[in-house]
Protein chains: 2
Amino acid sequence: MPFEPWTVLSEEQHYENRWVRVRAQRVRLPNGVEYDYTLVDRPAQGVAVMLFDNEERLLLEQEYRHAVQQVVWQVPGGLINESEPPLVSAKRELLEESGYEADEWLEIGSFYDNPGLGNASSLLFLARLPRRVSESAWDEAEAVELHWVTLSWLREAVQRGEIVDRVVLSGLGMLWARGEI
Amino acid sequence: MPFEPWTVLSEEQHYENRWVRVRAQRVRLPNGVEYDYTLVDRPAQGVAVMLFDNEERLLLEQEYRHAVQQVVWQVPGGLINESEPPLVSAKRELLEESGYEADEWLEIGSFYDNPGLGNASSLLFLARLPRRVSESAWDEAEAVELHWVTLSWLREAVQRGEIVDRVVLSGLGMLWARGEI
């Protein structure tokens with residue numbers, strides 16, 4: 001679909017730290033309409049890993065997330081360090097969080113957390129053939145638990161509404177598209 | 001997994017408008033460690049609709065999104081008006097954006113845009129048996145196009161990296177979990 005970028009008439013930055021940058025813009029659409037637009041950008045983009053073992057079980061983490069005050073099922077991941085190739089970030093995050101390396105890696109896609117609001121995105125990798133090489137680097141008090149879950153458990157957990165992180169759900173959508181699950 | 005909520009020691013609000021609220025908190029974890037936490041919350045939660053026609057085609061929208069300066073494939077959806085039942089919001093958004101009503105509705109789950117950052121969430125519905133009852137209410141200059149796409153097109157589009165919205169991808173994950181696709 002052809003498109004014409006919107007014109008930014010003015011911009012005010014309201015907040016910035018290492019995690020987010022919040023700007024309010026006055027923009028003009030191609031049809032001449034003017035509009036106030038709020039942008040919440042993230043300086044660094046994310047990576048995440050869908051790691052399967054040899055029995056087709058997926059590695060999940062249970063972590064307490066303060067922002068939603070609940071324990072959330074997630075996959076290993078984190079932010080890409082500046083100038084670091086995403087696959088290197090993915091391997092680093094997997095190792096730090098789980099103590100696993102993996103012999104097979106495939107980039108399966110990326111998505112925006114909310115393309116109507118900002119640029120925050122995550123790049124997903126499918127990994128297979130895991131090898132445990134160290135303990136995970138979580139402090140016990142961070143209250144993160146690792147679990148290998150079967151696809152049938154995962155199907156039922158999604159149906160019960162227990163999988164609420166967009167990374168895990170989007171990863172399942174990508175794996176479905178590739179015929180991997 | 002049992003958990004203990006973190007203690008908020010202090011909080012400063014940095015920005016608020018009708019779309020977002022940005023707060024910086026000083027928090028204490030159960031292990032005693034103190035930490036700075038940034039929260040980007042959304043006052044209203046979202047709904048979205050995966051609408052299939054009688055030939056198992058999904059209704060997608062192509063829309064230019066200023067925040068990422070690209071045209072994004074999405075599904076109809078929007079924000080839940082205060083005190084409005086989510087299904088009512090979903091039906092309203094579908095009708096406004098597409099001109100369709102649907103005879104079969106099923107709630108299939110909800111997810112957070114980023115549970116590490118804020119409370120923004122979307123509740124997804126699967127809808128079937130569409131009836132065209134009006135024109136969509138998009139202004140032409142908003143540059144939104146409606147398309148019915150087959151599942152095989154969708155699989156390939158995901159593999160090509162053309163589906164980048166977490167709602168569409170998470171919806172596919174939910175539909176996979178239910179054996180609907």
# chains A, B, ... in the order shown; residues from 1 in each chain; ligands from 1
$ residues_around --residues "Phe3 in chain A" --least-positions-apart "2" --cutoff "8 Å" --atoms "only C-alpha atoms" --output "VMD selection string"
(chain A and resid 1 5) or (chain B and resid 64 71 143)
$ select_by_dssp --residues "chain A" --states "strand (DSSP E)" --output "PyMOL selection string"
chain A and resi 7-16+21-28+34-41+46-51+58-65+70-74+77-79+100-112+121-132+144-149
$ interface_residues --of "chain B" --to "chain A" --cutoff "6 Å" --atoms "only C-alpha atoms" --output "ChimeraX atom specification"
/B:31,65,67-68,109,111-113,115-119,141,155,161,164-166,169-170,172-173,177
$ select_by_dssp --residues "range 98-180 of chain A" --states "helix (DSSP H, G or I)" --output "list in words"
Ser98, Glu140, Ala141, Glu142, Leu151, Ser152, Trp153, Leu154, Arg155, Glu156, Ala157, Val158, Gln159, Arg166, Val167, Val168, Leu169, Ser170, Gly171, Leu172, Gly173, Met174, Leu175, Trp176 and Ala177 of chain A
$ write_last_selection --atoms "N, CA and C atoms" --output "JSON list (two decimals), in the first residue's frame"
[["chain", "number", "residue", "atom", "x", "y", "z"],
["A", 98, "SER", "N", 18.93, -18.87, 31.81],
["A", 98, "SER", "CA", 18.59, -20.29, 31.94],
["A", 98, "SER", "C", 19.78, -21.19, 32.18],
["A", 140, "GLU", "N", 17.94, -15.76, 43.55],
["A", 140, "GLU", "CA", 16.73, -16.48, 43.98],
["A", 140, "GLU", "C", 15.59, -15.52, 44.32],
["A", 141, "ALA", "N", 15.96, -14.40, 44.91],
["A", 141, "ALA", "CA", 14.93, -13.46, 45.36],
["A", 141, "ALA", "C", 14.25, -12.75, 44.20],
["A", 142, "GLU", "N", 14.82, -12.89, 43.00],
["A", 142, "GLU", "CA", 14.13, -12.31, 41.85],
["A", 142, "GLU", "C", 12.90, -13.15, 41.50],
["A", 151, "LEU", "N", 3.77, -28.99, 24.43],
["A", 151, "LEU", "CA", 2.87, -28.21, 23.60],
["A", 151, "LEU", "C", 1.42, -28.41, 24.04],
["A", 152, "SER", "N", 1.08, -29.60, 24.52],
["A", 152, "SER", "CA", -0.32, -29.79, 24.94],
["A", 152, "SER", "C", -0.60, -29.01, 26.23],
["A", 153, "TRP", "N", 0.38, -28.96, 27.15],
["A", 153, "TRP", "CA", 0.20, -28.10, 28.32],
["A", 153, "TRP", "C", 0.03, -26.64, 27.89],
["A", 154, "LEU", "N", 0.85, -26.22, 26.91],
["A", 154, "LEU", "CA", 0.84, -24.84, 26.45],
["A", 154, "LEU", "C", -0.51, -24.48, 25.81],
["A", 155, "ARG", "N", -1.02, -25.38, 24.98],
["A", 155, "ARG", "CA", -2.34, -25.15, 24.37],
["A", 155, "ARG", "C", -3.39, -24.91, 25.45],
["A", 156, "GLU", "N", -3.36, -25.77, 26.46],
["A", 156, "GLU", "CA", -4.38, -25.65, 27.51],
["A", 156, "GLU", "C", -4.17, -24.40, 28.35],
["A", 157, "ALA", "N", -2.90, -24.06, 28.61],
["A", 157, "ALA", "CA", -2.62, -22.85, 29.40],
["A", 157, "ALA", "C", -3.08, -21.60, 28.65],
["A", 158, "VAL", "N", -2.87, -21.58, 27.33],
["A", 158, "VAL", "CA", -3.37, -20.43, 26.55],
["A", 158, "VAL", "C", -4.89, -20.38, 26.64],
["A", 159, "GLN", "N", -5.53, -21.52, 26.50],
["A", 159, "GLN", "CA", -7.00, -21.55, 26.56],
["A", 159, "GLN", "C", -7.53, -21.13, 27.92],
["A", 166, "ARG", "N", 2.79, -11.02, 25.33],
["A", 166, "ARG", "CA", 2.69, -10.97, 23.84],
["A", 166, "ARG", "C", 3.86, -11.67, 23.18],
["A", 167, "VAL", "N", 5.00, -11.79, 23.85],
["A", 167, "VAL", "CA", 6.14, -12.47, 23.22],
["A", 167, "VAL", "C", 5.85, -13.96, 23.04],
["A", 168, "VAL", "N", 5.37, -14.60, 24.10],
["A", 168, "VAL", "CA", 5.08, -16.03, 24.02],
["A", 168, "VAL", "C", 3.99, -16.29, 22.99],
["A", 169, "LEU", "N", 2.91, -15.50, 23.06],
["A", 169, "LEU", "CA", 1.78, -15.72, 22.15],
["A", 169, "LEU", "C", 2.18, -15.43, 20.70],
["A", 170, "SER", "N", 2.91, -14.34, 20.48],
["A", 170, "SER", "CA", 3.34, -14.02, 19.11],
["A", 170, "SER", "C", 4.31, -15.07, 18.60],
["A", 171, "GLY", "N", 5.17, -15.57, 19.48],
["A", 171, "GLY", "CA", 6.09, -16.63, 19.10],
["A", 171, "GLY", "C", 5.34, -17.87, 18.65],
["A", 172, "LEU", "N", 4.26, -18.21, 19.36],
["A", 172, "LEU", "CA", 3.44, -19.35, 18.95],
["A", 172, "LEU", "C", 2.82, -19.09, 17.57],
["A", 173, "GLY", "N", 2.36, -17.86, 17.34],
["A", 173, "GLY", "CA", 1.82, -17.51, 16.02],
["A", 173, "GLY", "C", 2.86, -17.68, 14.93],
["A", 174, "MET", "N", 4.09, -17.26, 15.21],
["A", 174, "MET", "CA", 5.16, -17.41, 14.21],
["A", 174, "MET", "C", 5.50, -18.87, 13.98],
["A", 175, "LEU", "N", 5.53, -19.67, 15.05],
["A", 175, "LEU", "CA", 5.86, -21.09, 14.90],
["A", 175, "LEU", "C", 4.74, -21.82, 14.15],
["A", 176, "TRP", "N", 3.48, -21.42, 14.40],
["A", 176, "TRP", "CA", 2.36, -21.99, 13.63],
["A", 176, "TRP", "C", 2.56, -21.70, 12.15],
["A", 177, "ALA", "N", 2.92, -20.43, 11.84],
["A", 177, "ALA", "CA", 3.05, -20.03, 10.43],
["A", 177, "ALA", "C", 4.12, -20.85, 9.72]]
$ atom_distance --atom1 "CA of Arg26 in chain B" --atom2 "CA of Glu11 in chain B"
6.4 Å
